[in-house]
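Colleague: So here's upload.pdb (PDB, C-alpha atoms).
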ATOM      1  CA  MET E   1     -67.843  16.434-111.689
ATOM      2  CA  LEU E   2     -67.256  19.067-109.007
ATOM      3  CA  VAL E   3     -63.996  17.372-107.936
ATOM      4  CA  PHE E   4     -62.782  17.314-111.571
ATOM      5  CA  LEU E   5     -63.613  21.015-111.953
ATOM      6  CA  CYS E   6     -61.770  21.894-108.725
ATOM      7  CA  ILE E   7     -58.697  19.903-109.826
ATOM      8  CA  CYS E   8     -58.719  21.629-113.241
ATOM      9  CA  ILE E   9     -58.908  25.070-111.622
ATOM     10  CA  LEU E  10     -56.070  24.177-109.243
ATOM     11  CA  LEU E  11     -53.878  22.879-112.094
ATOM     12  CA  LEU E  12     -54.545  25.990-114.191
ATOM     13  CA  ASN E  13     -53.580  28.209-111.248
ATOM     14  CA  LEU E  14     -50.362  26.236-110.762
ATOM     15  CA  ALA E  15     -49.559  26.477-114.480
ATOM     16  CA  ALA E  16     -50.113  30.247-114.521
ATOM     17  CA  ALA E  17     -48.207  30.966-111.291
ATOM     18  CA  TYR E  18     -44.561  31.994-111.443
ATOM     19  CA  ILE E  19     -42.210  29.427-109.979
ATOM     20  CA  ARG E  20     -39.078  30.886-108.418
ATOM     21  CA  VAL E  21     -35.951  28.999-109.436
ATOM     22  CA  GLY E  22     -32.566  29.644-107.837
ATOM     23  CA  VAL E  23     -29.346  29.043-109.764
ATOM     24  CA  ASN E  24     -25.846  28.933-108.257
ATOM     25  CA  PHE E  25     -22.912  28.857-110.698
ATOM     26  CA  TYR E  26     -19.303  28.642-109.471
ATOM     27  CA  LEU E  27     -16.204  28.453-111.676
ATOM     28  CA  ASP E  28     -12.489  28.412-110.828
ATOM     29  CA  LEU E  29     -10.919  29.476-114.123
ATOM     30  CA  PHE E  30      -7.293  28.723-113.190
ATOM     31  CA  GLY E  31      -8.260  25.241-111.984
ATOM     32  CA  ASN E  32     -10.851  24.768-114.799
ATOM     33  CA  ASP E  33     -13.315  23.385-112.282
ATOM     34  CA  GLY E  34     -16.742  24.379-111.058
ATOM     35  CA  PHE E  35     -20.362  23.445-110.501
ATOM     36  CA  ILE E  36     -23.913  24.509-111.219
ATOM     37  CA  LYS E  37     -26.828  23.944-108.848
ATOM     38  CA  VAL E  38     -30.530  24.558-109.471
ATOM     39  CA  TYR E  39     -33.052  25.031-106.654
ATOM     40  CA  VAL E  40     -36.858  25.122-106.709
ATOM     41  CA  PHE E  41     -38.481  26.446-103.520
ATOM     42  CA  GLY E  42     -35.089  26.112-101.795
ATOM     43  CA  ILE E  43     -34.760  22.394-102.618
ATOM     44  CA  ARG E  44     -31.835  21.397-104.836
ATOM     45  CA  ILE E  45     -33.146  19.543-107.888
ATOM     46  CA  PHE E  46     -30.004  19.541-110.060
ATOM     47  CA  LYS E  47     -26.249  19.581-109.517
ATOM     48  CA  ALA E  48     -23.549  19.197-112.154
ATOM     49  CA  ALA E  49     -19.813  19.728-112.540
ATOM     50  CA  VAL E  50     -18.676  22.233-115.179
ATOM     51  CA  HIS E  51     -15.403  22.949-116.970
ATOM     52  CA  PHE E  52     -14.127  24.386-120.252
ATOM     53  CA  GLU E  53     -12.616  22.420-123.145
ATOM     54  CA  HIS E  54     -11.454  22.935-126.711
ATOM     55  CA  ASP E  55     -12.532  20.047-128.997
ATOM     56  CA  GLU E  56     -11.431  18.689-132.391
ATOM     57  CA  GLN E  57     -13.925  20.859-134.329
ATOM     58  CA  LYS E  58     -12.214  23.919-132.825
ATOM     59  CA  HIS E  59     -15.184  24.752-130.622
ATOM     60  CA  ASN E  60     -14.676  26.305-127.212
ATOM     61  CA  ASN E  61     -17.166  24.515-124.986
ATOM     62  CA  LEU E  62     -18.617  24.759-121.528
ATOM     63  CA  VAL E  63     -18.983  21.103-120.510
ATOM     64  CA  ILE E  64     -21.714  20.183-118.013
ATOM     65  CA  GLU E  65     -21.300  16.733-116.433
ATOM     66  CA  HIS E  66     -24.184  15.228-114.490
ATOM     67  CA  GLY E  67     -23.403  11.662-113.416
ATOM     68  CA  LYS E  68     -22.451   9.772-116.590
ATOM     69  CA  LYS E  69     -24.177  12.290-118.875
ATOM     70  CA  GLN E  70     -22.210  15.077-120.510
ATOM     71  CA  ASP E  71     -23.603  18.101-122.388
ATOM     72  CA  LYS E  72     -21.644  20.774-124.218
ATOM     73  CA  ILE E  73     -22.550  24.401-124.833
ATOM     74  CA  HIS E  74     -20.576  25.978-127.665
ATOM     75  CA  LEU E  75     -19.254  29.384-126.641
ATOM     76  CA  ASN E  76     -20.107  31.276-129.830
ATOM     77  CA  ASN E  77     -22.934  33.423-131.158
ATOM     78  CA  ASP E  78     -23.741  31.447-134.328
ATOM     79  CA  PRO E  79     -27.569  31.056-134.440
ATOM     80  CA  LYS E  80     -27.254  28.145-136.910
ATOM     81  CA  ASP E  81     -25.259  26.110-134.393
ATOM     82  CA  LYS E  82     -27.958  24.440-132.261
ATOM     83  CA  LYS E  83     -25.606  24.081-129.277
ATOM     84  CA  SER E  84     -24.443  27.696-129.283
ATOM     85  CA  ILE E  85     -25.397  30.275-126.676
ATOM     86  CA  ALA E  86     -27.212  32.381-129.310
ATOM     87  CA  ALA E  87     -29.433  29.451-130.334
ATOM     88  CA  MET E  88     -30.203  28.568-126.708
ATOM     89  CA  ILE E  89     -31.270  32.119-125.843
ATOM     90  CA  ARG E  90     -33.784  32.103-128.702
ATOM     91  CA  LYS E  91     -35.604  29.023-127.352
ATOM     92  CA  PRO E  92     -39.151  29.824-126.154
ATOM     93  CA  ALA E  93     -38.526  28.464-122.646
ATOM     94  CA  LEU E  94     -35.591  30.836-122.061
ATOM     95  CA  SER E  95     -37.260  33.834-123.670
ATOM     96  CA  ASN E  96     -40.086  33.676-121.105
ATOM     97  CA  MET E  97     -37.924  33.553-118.009
ATOM     98  CA  LEU E  98     -38.189  36.535-115.717
ATOM     99  CA  VAL E  99     -34.801  37.267-114.159
ATOM    100  CA  GLU E 100     -35.486  38.765-110.728
ATOM    101  CA  LYS E 101     -32.087  38.958-109.037
ATOM    102  CA  VAL E 102     -28.442  38.308-109.926
ATOM    103  CA  SER E 103     -25.599  38.377-107.440
ATOM    104  CA  ALA E 104     -22.060  37.944-108.761
ATOM    105  CA  HIS E 105     -18.767  37.704-106.898
ATOM    106  CA  PHE E 106     -15.403  37.753-108.688
ATOM    107  CA  THR E 107     -12.098  36.942-107.013
ATOM    108  CA  ALA E 108      -8.822  37.293-108.899
ATOM    109  CA  GLY E 109      -5.159  37.540-108.079
ATOM    110  CA  ARG E 110      -1.620  36.528-108.850
ATOM    111  CA  VAL E 111       1.255  36.101-106.444
ATOM    112  CA  ASN E 112       3.540  39.161-106.332
ATOM    113  CA  ASP E 113       1.871  40.815-109.337
ATOM    114  CA  ALA E 114      -0.464  43.593-108.240
ATOM    115  CA  PHE E 115      -0.700  45.095-111.741
ATOM    116  CA  PHE E 116      -1.957  41.805-113.232
ATOM    117  CA  THR E 117      -4.446  41.398-110.379
ATOM    118  CA  VAL E 118      -5.931  44.887-110.817
ATOM    119  CA  ALA E 119      -5.933  44.648-114.636
ATOM    120  CA  LEU E 120      -7.676  41.260-114.528
ATOM    121  CA  LEU E 121     -10.335  42.501-112.106
ATOM    122  CA  GLN E 122     -11.008  45.579-114.226
ATOM    123  CA  ALA E 123     -11.285  43.434-117.363
ATOM    124  CA  MET E 124     -13.749  41.170-115.529
ATOM    125  CA  ARG E 125     -15.734  44.231-114.462
ATOM    126  CA  VAL E 126     -15.993  45.476-118.062
ATOM    127  CA  VAL E 127     -17.028  42.047-119.375
ATOM    128  CA  PHE E 128     -19.598  41.628-116.594
ATOM    129  CA  TYR E 129     -21.206  45.024-117.188
ATOM    130  CA  GLY E 130     -21.222  44.450-120.960
ATOM    131  CA  ALA E 131     -22.784  40.983-120.622
ATOM    132  CA  PHE E 132     -25.464  42.027-118.136
ATOM    133  CA  ALA E 133     -26.448  45.348-119.747
ATOM    134  CA  PRO E 134     -29.051  43.610-122.006
ATOM    135  CA  VAL E 135     -30.397  41.678-118.998
ATOM    136  CA  LYS E 136     -30.727  44.905-117.016
ATOM    137  CA  CYS E 137     -32.516  46.591-119.940
ATOM    138  CA  ARG E 138     -34.904  43.706-120.624
ATOM    139  CA  TYR E 139     -35.883  42.852-117.055
ATOM    140  CA  SER E 140     -36.302  44.967-113.957
ATOM    141  CA  VAL E 141     -33.584  42.917-112.306
ATOM    142  CA  GLN E 142     -31.643  43.689-109.153
ATOM    143  CA  ILE E 143     -27.942  43.110-109.878
ATOM    144  CA  THR E 144     -25.284  43.166-107.170
ATOM    145  CA  GLU E 145     -21.631  42.471-107.768
ATOM    146  CA  SER E 146     -18.318  42.478-105.962
ATOM    147  CA  PHE E 147     -14.736  42.305-107.222
ATOM    148  CA  THR E 148     -12.161  41.123-104.693
ATOM    149  CA  PRO E 149      -8.396  41.293-105.330
ATOM    150  CA  VAL E 150      -6.153  38.626-103.817
ATOM    151  CA  TYR E 151      -2.423  39.364-103.806
ATOM    152  CA  ASN E 152      -0.924  36.330-102.031
ATOM    153  CA  ARG E 153      -1.995  33.429-104.298
ATOM    154  CA  ASP E 154      -2.990  32.585-107.865
ATOM    155  CA  VAL E 155      -6.779  32.625-108.007
ATOM    156  CA  TRP E 156      -9.464  33.435-110.602
ATOM    157  CA  ARG E 157     -12.962  32.541-109.439
ATOM    158  CA  THR E 158     -16.478  33.482-110.432
ATOM    159  CA  ASP E 159     -19.596  32.829-108.383
ATOM    160  CA  PHE E 160     -23.128  33.663-109.605
ATOM    161  CA  ILE E 161     -26.384  33.326-107.713
ATOM    162  CA  GLY E 162     -29.602  34.146-109.548
ATOM    163  CA  ILE E 163     -33.343  33.987-108.946
ATOM    164  CA  ILE E 164     -35.496  33.346-112.000
ATOM    165  CA  GLY E 165     -39.287  33.326-112.323
ATOM    166  CA  ILE E 166     -40.796  30.771-114.700
ATOM    167  CA  SER E 167     -44.445  30.331-115.644
ATOM    168  CA  ILE E 168     -45.352  26.956-117.172
ATOM    169  CA  ALA E 169     -48.318  28.523-118.973
ATOM    170  CA  ASP E 170     -46.072  31.123-120.673
ATOM    171  CA  ILE E 171     -43.670  28.402-121.814
ATOM    172  CA  ILE E 172     -46.503  26.291-123.272
ATOM    173  CA  VAL E 173     -47.979  29.287-125.097
ATOM    174  CA  SER E 174     -44.523  30.203-126.469
ATOM    175  CA  TYR E 175     -43.904  26.674-127.755
ATOM    176  CA  ILE E 176     -47.314  26.616-129.439
ATOM    177  CA  GLY E 177     -46.654  30.035-131.011
ATOM    178  CA  SER E 178     -43.201  28.901-132.153
ATOM    179  CA  PHE E 179     -44.706  25.756-133.704
ATOM    180  CA  PHE E 180     -47.304  27.785-135.619
ATOM    181  CA  ARG E 181     -44.653  30.269-136.833
ATOM    182  CA  LYS E 182     -42.459  27.440-138.121
ATOM    183  CA  THR E 183     -45.448  25.841-139.845
ATOM    184  CA  GLN E 184     -46.423  29.184-141.407
ATOM    185  CA  ASN E 185     -42.853  29.773-142.623
ATOM    186  CA  ALA E 186     -42.720  26.274-144.140
ATOM    187  CA  ILE E 187     -46.016  26.879-145.983
ATOM    188  CA  GLU E 188     -44.773  30.248-147.305
ATOM    189  CA  CYS E 189     -41.505  28.661-148.510
ATOM    190  CA  LYS E 190     -43.439  25.958-150.365
ATOM    191  CA  LYS E 191     -45.673  28.600-151.985
ATOM    192  CA  GLN E 192     -42.600  30.514-153.141
ATOM    193  CA  GLU E 193     -41.028  27.343-154.578
ATOM    194  CA  VAL E 194     -44.240  26.518-156.482
ATOM    195  CA  ALA E 195     -44.496  30.086-157.794
ATOM    196  CA  GLN E 196     -40.977  29.920-159.202
TER     197      GLN E 196
END
Would you mind giving the structure from this file in structure tokens?

Modeller:
Amino acid sequence: MLVFLCICILLLNLAAAYIRVGVNFYLDLFGNDGFIKVYVFGIRIFKAAVHFEHDEQKHNNLVIEHGKKQDKIHLNNDPKDKKSIAAMIRKPALSNMLVEKVSAHFTAGRVNDAFFTVALLQAMRVVFYGAFAPVKCRYSVQITESFTPVYNRDVWRTDFIGIIGISIADIIVSYIGSFFRKTQNAIECKKQEVAQ
């Protein structure tokens, strides 16, 4: 009985502790090629190739290929589309992540076109600051960035490294709360249908 109690206490402590997850995302936009790597305690647990595509349903997608498996994330903000970025952000697992640090490096350039190089880097800077302003407001995150111009070759690369804290207990509680909210909404909808 004492061993069982000790194991339960240990498992509860592990579930409540924040696990630090490292994410490295690299994308060469001119070559439409890149990768994503996920690390837990410095050990790589996931690696996948990424690229963009435009499909028959006129969706712009970020395609993640891991071995023979292929997943697509629709690059839109439609919450009804289950594969969109907006729908993914609302999932309980993502809403409980604690973003601790983000480091971004952007490299852009075009041969013999300094104006295009500077304009592209400034556009990337504006998009980056606009995209990460909500992250900075929501979390006390340390964000570092660099923008490097390259004038002697055609290049457009993005490299992100992030550290995220995840608590298994928070995710479980969020999923349970989400389940109860959906059940409550379904009951209220049925009551409204009966009343009409």

Colleague: Of the residues E:Val3, E:Gln70, E:Phe147, E:Ser174, which is the one nearest to Arg90 (chain E), using all atoms listed in the file?

Modeller: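 Of all the options, E:Ser174 lies closest to Arg90 (chain E).
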
Colleague: Once the PyMOL selection byres ((chain E and resi 120-129) around 8) is applied to the coordinates I shared, what remains selected? I want it as a list in words.

Modeller: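 Checking the PyMOL selection byres ((chain E and resi 120-129) around 8) against this file, the residues are Phe106, Thr107, Ala108, Gly109, Phe116, Thr117, Val118, Ala119, Gly130, Ala131, Phe132, Ala133, Phe147, Thr148 and Pro149 of chain E.
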
Colleague: Which residues of region 72-121 of chain E come within 10 Å of region 20-33 of chain E, and for each one, what is the closest pair of atoms and their distance in Å to one decimal, counting all atoms listed in the file, sorted by chain and residue number, as CSV?

Modeller:
residue,atom,partner,partner_atom,distance
E:Met97,CA,E:Val21,CA,9.9
E:Leu98,CA,E:Arg20,CA,9.3
E:Val99,CA,E:Arg20,CA,9.6
E:Glu100,CA,E:Arg20,CA,9.0
E:Lys101,CA,E:Gly22,CA,9.4
E:Val102,CA,E:Val23,CA,9.3
E:Ser103,CA,E:Asn24,CA,9.5
E:Ala104,CA,E:Phe25,CA,9.3
E:His105,CA,E:Tyr26,CA,9.4
E:Phe106,CA,E:Leu27,CA,9.8
E:Thr107,CA,E:Asp28,CA,9.4
E:Ala108,CA,E:Leu29,CA,9.6

Colleague: For this file, the PyMOL selection byres ((chain E and resi 52) around 9) selects which residues, as a list in words?

Modeller: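 Listing what the PyMOL selection byres ((chain E and resi 52) around 9) selects in the shown file: Leu29, Asn32, Asp33, Val50, His51, Glu53, His54, Asn60, Asn61, Leu62, Val63 and Ile64 of chain E.
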
Colleague: Please, what distance in Å, to one decimal, runs between CA of Asn185 (chain E) and CA of Pro134 (chain E)?

Modeller: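 CA of Pro134 (chain E) lies at a distance of 28.4 Å from CA of Asn185 (chain E).
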
Colleague: Rounded to one decimal in Å, what is the spacing between CA of Thr144 (chain E) and CA of Asn76 (chain E)?

Modeller: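 Separation of CA of Thr144 (chain E) and CA of Asn76 (chain E): 26.1 Å.
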
Colleague: Using the chain letters and numbering of this document, enumerate as a list in words the residues selected by the PyMOL selection byres ((chain E and resi 19) around 8).

Modeller: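 Here the PyMOL selection byres ((chain E and resi 19) around 8) matches Ala17, Tyr18, Arg20, Val21, Val40, Gly165, Ile166 and Ser167 of chain E.
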
Colleague: Check the smallest atom-to-atom distance from each of E:Phe160, E:Arg181, E:Ala186, E:Val150 to Ile36 (chain E) using all atoms listed in the file, then report the winner.

Modeller: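 Closest residue, counting all atoms listed in the file: E:Phe160.
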